[in-house]
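Heads up, the thing below is written out as structure tokens.
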Amino acid sequence: MSQSVASPKPFVVASGKSGSAGDAIFAAAAKISGVFVLVLLGAIIVSLFIGGWPSFRAFGLRFLTEADWDPVQNVFGAGVPVYGTLITSVLAIIMAVPLAFGIAFYLTELAPIWFRRPVGTAIELLAAVPSIIYGMWGFFMIVPLMSQYVQPTLIDALGDLPLIGGLFQGPPFGTGIFTAALILAVMILPFIAATMRDVFQTVPPVFKESAYGLGCTTWEVMRSIVIPYTRVSVVGGIMLGLGRALGETMAVTFVIGNTNRLSTSLFGPGNTIASIVALEFPESQSGSLKLSSLLALGFILFVISFIVLAISRTLLRPAGAKS
Amino acid sequence: MSATAADAMMAGPKRNAKVADALSRSRQRTNRIIKALCVTATGIGLVFLFAILATLLWLGFAGLGLSVFTESTKPPGSHGGLLNAIIGSLIQTAIGTAIGTPIGIMVGTYLSEYAVGTKLGDAVRFVSDVLLSAPSILIGLFVYQVLVNPFDGFSGIAGGIALAVIVIPIVVRTTEDMLRLIPVALREAAVALGAPKWKSIVMVCYPAARDGIATGVLLAVARIAGETAPLLFTSLGNLNWSLNLGRPMASLPVTIYQYAGSAFDDWVQLAWVGALLITFGVLALNILARFVLRPRA
């Protein structure tokens, strides 16, 4: 106590000198940093658009739908990579969401308490593995597995069916759209599972206890209490996974087969925006129409993922406010 | 009122004991099936993780030797190592962290201490969240457009700056979250002692949030250490020994990318060694980050 009586005096003198000026400088620095982030995003959009402008001008809106990508004729269209990006991402979501839901359900309701943290951490570590590792693992491990076992089986079983049979035809290369979607599913699985787990945990225990008290089973509590309560945030988590899948580059580049033809079969090779940019960029001359087309593809990818991520964020915000 | 309701509930199952039994059995069965499916789903998730780690250990350890750390990348067949790639990765990751961390902390401070409830603050938070998940290849294209194309080409410094753009939103998020956890009483105590706002932030809030912010930085380092796509267009990769920041610079992920796709067995082998190093490095950082955070969480 006696010490604290003496200390305020020099402190007040010091703050009298540096206080207001220091405050103004620090506040300004903080604000400038904040504005810098806005400028950064703006600069990314503008630089991609400017870079892609020659291509947009040369091909107009047809650029989006044109399926030709012919560097020899100098004709470029975004049709195949845009299709590949959307189809692989959507397939990945279809595969990842049920698994992620199961994991989140297990981690919040079923697993023994002491087991939740290690398993949760292990699933989160899956998200930390660099994407190039997924690419190598997919290329050297999953692709042979697909070409020898999975794809021949699926082609035999489903290839002759009417309507959907066409999706499962063609030679079993192992690489292709389906394999890329599978690897993407593994990569986004931890993001969706972790988000779902976090939002499931925001449900007030008294709601669940009331339902258990009425005699509901664990699944009925999940279906009738937890899911309706967290529905919006769950969709937000899925959109977050979709946003991740859309821009994933290295993993996809290794396994998608990299051709610029539109393939009707899911086992056929294809391309995504990210993979075509990664592959063709080194072969593009600075200032060429090809480089401009790649930057235009980047701009399209940015717009798509911005929309998806913005939706995800808007849906997830209520959960953040609640917790 | 409640008595009649209870009677009605009692009456239901009694009147139709068989139906009630069957209903109960089917509900229990559904419950058991779904539980089993969830356990399976978790098992599949874990199998993926262990399959990847096992592959890396199995194929990576075979090529692990001292020469990996003492030799630079060399032409196929001449027993090269990964030294230049490892050093290049360390340099670019250090540059990215050194540039990104202070900016990220300042933005996080702004969001938590200055911009609560303001429109500008909401916009910055929104944009930062979008950047957090934005495709990293686009950040590479952006830096190419801004720093590589107009100036003298690919360089290590451009790679570091691309990585810094990835670091910023990660640090922003953790800094803001951690600063918000600090009790108002702590700030009030600082203000009551006559401290100006910036001093209460720097000398009271930062130390209190230190562990959390350190976690964010560790996670950011782990993230950029494995990034490949943004480096393809910025530092390009370099198969020769070079520490010149103004020249193309090797990095572990880009070298792995070049080697894994090659037709030479010893290069593919080295790619697996690199993959092993980088994955276990990144996972170790992640686990370390979790332990740093643990006492406060």
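Going by the structure tokens order, chains are called A, B, ..., each with residues numbered from 1, while ligands are numbered from 1 in the order shown.
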**OP:** From the DSSP assignment of the backbone, select every residue of range 171-301 of chain A that is helix (DSSP H, G or I), and format the answer as a PyMOL selection string.
**Re:** chain A and resi 177-200+205-213+218-247+250-255+273-283+289-301
**OP:** Excluding Ser33 in chain A and any residue of its chain fewer than 6 positions from it, enumerate the residues within 7 Å of it, using only C-alpha atoms, and give them as a PyMOL selection string.
**Re:** chain B and resi 103+106-107
Subject >> Spatial neighbours of Leu82 in chain B, max dist 9 Å, only C-alpha atoms, sep filter under 6 positions, as a list in words >> reply: Ser67, Val68, Phe69, Thr70, Glu71, Ser72, Thr73, Lys74, Leu252, Thr255, Leu270, Val273 and Gly274 of chain B
May I have the selected residues written with N, CA, C and O atoms, as a compact mmCIF listing (two decimals), in the first residue's frame?
```txt
# COMPACT_ATOMS: atom_id res chain seq x y z
N SER B 67 22.42 -36.08 -45.74
CA SER B 67 22.68 -35.31 -46.96
C SER B 67 21.47 -34.45 -47.34
O SER B 67 21.63 -33.45 -48.04
N VAL B 68 20.28 -34.81 -46.87
CA VAL B 68 19.10 -33.99 -47.15
C VAL B 68 19.30 -32.59 -46.60
O VAL B 68 18.88 -31.60 -47.20
N PHE B 69 19.97 -32.50 -45.45
CA PHE B 69 20.14 -31.21 -44.78
C PHE B 69 21.46 -30.53 -45.11
O PHE B 69 21.68 -29.39 -44.73
N THR B 70 22.36 -31.23 -45.77
CA THR B 70 23.67 -30.63 -46.04
C THR B 70 23.88 -30.32 -47.52
O THR B 70 24.78 -29.55 -47.85
N GLU B 71 23.08 -30.90 -48.39
CA GLU B 71 23.28 -30.70 -49.83
C GLU B 71 22.13 -29.88 -50.40
O GLU B 71 21.00 -29.96 -49.94
N SER B 72 22.44 -29.09 -51.44
CA SER B 72 21.38 -28.39 -52.14
C SER B 72 20.73 -29.32 -53.15
O SER B 72 21.19 -30.43 -53.38
N THR B 73 19.66 -28.82 -53.77
CA THR B 73 19.03 -29.60 -54.82
C THR B 73 20.00 -29.74 -55.99
O THR B 73 20.67 -28.78 -56.36
N LYS B 74 20.07 -30.95 -56.53
CA LYS B 74 21.00 -31.21 -57.63
C LYS B 74 20.28 -31.95 -58.74
O LYS B 74 19.18 -32.46 -58.53
N LEU B 252 10.49 -25.20 -49.84
CA LEU B 252 10.21 -26.63 -49.70
C LEU B 252 8.95 -27.05 -50.47
O LEU B 252 9.00 -28.01 -51.24
N THR B 255 9.54 -26.98 -54.25
CA THR B 255 10.46 -28.05 -54.64
C THR B 255 9.75 -29.40 -54.62
O THR B 255 9.94 -30.23 -55.52
N LEU B 270 13.04 -37.68 -52.82
CA LEU B 270 13.32 -36.45 -52.07
C LEU B 270 12.04 -35.65 -51.82
O LEU B 270 11.88 -35.02 -50.77
N VAL B 273 10.57 -37.05 -48.79
CA VAL B 273 11.31 -36.59 -47.60
C VAL B 273 10.87 -35.17 -47.24
O VAL B 273 10.57 -34.87 -46.07
N GLY B 274 10.80 -34.31 -48.26
CA GLY B 274 10.35 -32.93 -48.02
C GLY B 274 8.95 -32.90 -47.46
O GLY B 274 8.65 -32.15 -46.53
```
**OP:** Identify, with DSSP run on backbone atoms, the residues in range 20-233 of chain A assigned to strand (DSSP E), and express the list as a PyMOL selection string.
**Re:** chain A and resi 69-70+75-76
Dump of all heavy atoms for the selected residues, as a PDB file, in the first residue's frame:
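Output below, filename part-v7.pdb:
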```pdb
ATOM      1  N   TRP A  69     -10.152 -23.838 -75.193  1.00  0.00           N
ATOM      2  CA  TRP A  69      -8.963 -23.234 -74.580  1.00  0.00           C
ATOM      3  C   TRP A  69      -7.814 -23.641 -75.485  1.00  0.00           C
ATOM      4  O   TRP A  69      -7.264 -24.717 -75.335  1.00  0.00           O
ATOM      5  CB  TRP A  69      -8.773 -23.734 -73.149  1.00  0.00           C
ATOM      6  CG  TRP A  69      -7.597 -23.090 -72.463  1.00  0.00           C
ATOM      7  CD1 TRP A  69      -6.298 -23.487 -72.543  1.00  0.00           C
ATOM      8  CD2 TRP A  69      -7.600 -21.951 -71.615  1.00  0.00           C
ATOM      9  NE1 TRP A  69      -5.502 -22.653 -71.797  1.00  0.00           N
ATOM     10  CE2 TRP A  69      -6.273 -21.707 -71.214  1.00  0.00           C
ATOM     11  CE3 TRP A  69      -8.615 -21.103 -71.144  1.00  0.00           C
ATOM     12  CZ2 TRP A  69      -5.928 -20.653 -70.368  1.00  0.00           C
ATOM     13  CZ3 TRP A  69      -8.272 -20.065 -70.307  1.00  0.00           C
ATOM     14  CH2 TRP A  69      -6.932 -19.848 -69.924  1.00  0.00           C
ATOM     15  N   ASP A  70      -7.512 -22.798 -76.450  1.00  0.00           N
ATOM     16  CA  ASP A  70      -6.581 -23.182 -77.497  1.00  0.00           C
ATOM     17  C   ASP A  70      -5.471 -22.145 -77.631  1.00  0.00           C
ATOM     18  O   ASP A  70      -5.626 -21.148 -78.328  1.00  0.00           O
ATOM     19  CB  ASP A  70      -7.351 -23.302 -78.823  1.00  0.00           C
ATOM     20  CG  ASP A  70      -6.499 -23.963 -79.886  1.00  0.00           C
ATOM     21  OD1 ASP A  70      -5.262 -24.046 -79.690  1.00  0.00           O
ATOM     22  OD2 ASP A  70      -7.067 -24.384 -80.902  1.00  0.00           O
ATOM     23  N   VAL A  75      -7.375 -18.656 -78.708  1.00  0.00           N
ATOM     24  CA  VAL A  75      -8.776 -18.583 -78.311  1.00  0.00           C
ATOM     25  C   VAL A  75      -8.883 -19.156 -76.899  1.00  0.00           C
ATOM     26  O   VAL A  75      -8.396 -20.256 -76.631  1.00  0.00           O
ATOM     27  CB  VAL A  75      -9.677 -19.397 -79.262  1.00  0.00           C
ATOM     28  CG1 VAL A  75     -11.110 -19.450 -78.734  1.00  0.00           C
ATOM     29  CG2 VAL A  75      -9.640 -18.801 -80.648  1.00  0.00           C
ATOM     30  N   PHE A  76      -9.462 -18.370 -76.009  1.00  0.00           N
ATOM     31  CA  PHE A  76      -9.539 -18.830 -74.625  1.00  0.00           C
ATOM     32  C   PHE A  76     -10.955 -18.677 -74.096  1.00  0.00           C
ATOM     33  O   PHE A  76     -11.600 -17.654 -74.308  1.00  0.00           O
ATOM     34  CB  PHE A  76      -8.582 -18.030 -73.738  1.00  0.00           C
ATOM     35  CG  PHE A  76      -7.154 -18.141 -74.184  1.00  0.00           C
ATOM     36  CD1 PHE A  76      -6.575 -17.136 -74.944  1.00  0.00           C
ATOM     37  CD2 PHE A  76      -6.409 -19.265 -73.867  1.00  0.00           C
ATOM     38  CE1 PHE A  76      -5.263 -17.253 -75.366  1.00  0.00           C
ATOM     39  CE2 PHE A  76      -5.096 -19.386 -74.294  1.00  0.00           C
ATOM     40  CZ  PHE A  76      -4.524 -18.373 -75.046  1.00  0.00           C
TER      41      PHE A  76
END
```
**OP:** Write out as a PyMOL selection string the residues lying within 8 Å of range 225-236 of chain B, counting only C-alpha atoms and excluding same-chain residues fewer than 5 positions away.
**Re:** (chain A and resi 129-132+249-250+278+281) or (chain B and resi 89-90+93+136-141+143-144+148+154-159+162-163+247-250+253-254+257+278-279+282)
**OP:** Name the closest residue to Val232 in chain A among the candidates A:Ile177, A:Val255, A:Leu309, A:Leu316; distances are taken between atoms, counting only C-alpha atoms.
**Re:** A:Leu316
**OP:** Find the spatial neighbours of Tyr134 in chain A, counting only C-alpha atoms, within a cut-off of 9 Å - ignore same-chain residues fewer than 4 positions away - and output them as a ChimeraX atom specification.
**Re:** /A:129-130,138-139,183-184,186-187,250-252,254 /B:52
Counting only C-alpha atoms, which residues in range 44-157 of chain B sit no more than 10 Å from range 169-192 of chain B? For each one, give the nearest pair of atoms and the distance in Å, sorted by chain then residue number, as a tab-separated table.
```
residue	atom	partner	partner_atom	distance
B:Thr97	CA	B:Val171	CA	9.8
B:Gly100	CA	B:Val171	CA	7.9
B:Thr101	CA	B:Val171	CA	6.3
B:Pro102	CA	B:Val171	CA	8.7
B:Ile103	CA	B:Val172	CA	8.3
B:Gly104	CA	B:Val172	CA	4.6
B:Ile105	CA	B:Val172	CA	5.9
B:Met106	CA	B:Val172	CA	7.8
B:Val107	CA	B:Val172	CA	5.9
B:Gly108	CA	B:Val172	CA	4.4
B:Thr109	CA	B:Glu176	CA	6.2
B:Tyr110	CA	B:Glu176	CA	8.3
B:Leu111	CA	B:Glu176	CA	6.4
B:Ser112	CA	B:Glu176	CA	5.3
B:Glu113	CA	B:Leu179	CA	8.0
B:Arg125	CA	B:Arg173	CA	8.4
B:Val127	CA	B:Pro169	CA	8.9
B:Ser128	CA	B:Pro169	CA	5.2
B:Asp129	CA	B:Pro169	CA	6.7
B:Val130	CA	B:Pro169	CA	8.6
B:Leu131	CA	B:Pro169	CA	6.3
B:Leu132	CA	B:Pro169	CA	5.2
B:Ser133	CA	B:Pro169	CA	9.0
```
**OP:** Report the distance between CA of Ser20 in chain A and CA of Ser200 in chain B in Å, rounded to one decimal place.
**Re:** 13.0 Å
Subject >> Contacts of range 164-169 of chain A within 10 Å, only C-alpha atoms, excl. fewer than 6 positions in-chain, as a list in words >> reply: Gln151, Pro152, Leu154, Ile155, Asp156, Ala157, Leu158, Phe178, Ser263, Thr264, Ser265, Leu266, Phe267 and Gly268 of chain A
Subject >> Contact residues around Ile103 in chain A with only C-alpha atoms at 10 Å, ignoring same-chain residues under 4 positions, as an MDAnalysis selection string >> reply: (chainID A and resid 97:99 107:108 110:111 119:120 123 189:190 192:194 196:197) or (chainID B and resid 37:46)
Subject >> Nearest to chain A, chosen from B:Gln258, B:Asn240, B:Gln145, B:Ser24, with only C-alpha atoms counted in the distances >> reply: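 Selected residue with least distance to chain A: B:Gln145.
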Original post:
Between CA of Ser233 in chain A and CA of Val199 in chain A, what is the distance, to one decimal in Å?
Top reply: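 These atoms are spaced 6.7 Å apart.
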Subject >> For chain A, the nearest of the candidates B:Gly96, B:Gly237, B:Pro207, B:Pro75, counting only C-alpha atoms >> reply: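 Comparing B:Gly96, B:Gly237, B:Pro207, B:Pro75 against chain A, the winner is B:Gly237.
Among A:Ala43, A:Leu182, A:Val72, A:Ile227, the residue with the shortest atom-to-atom distance to chain B, counting only C-alpha atoms, is A:Ala43.
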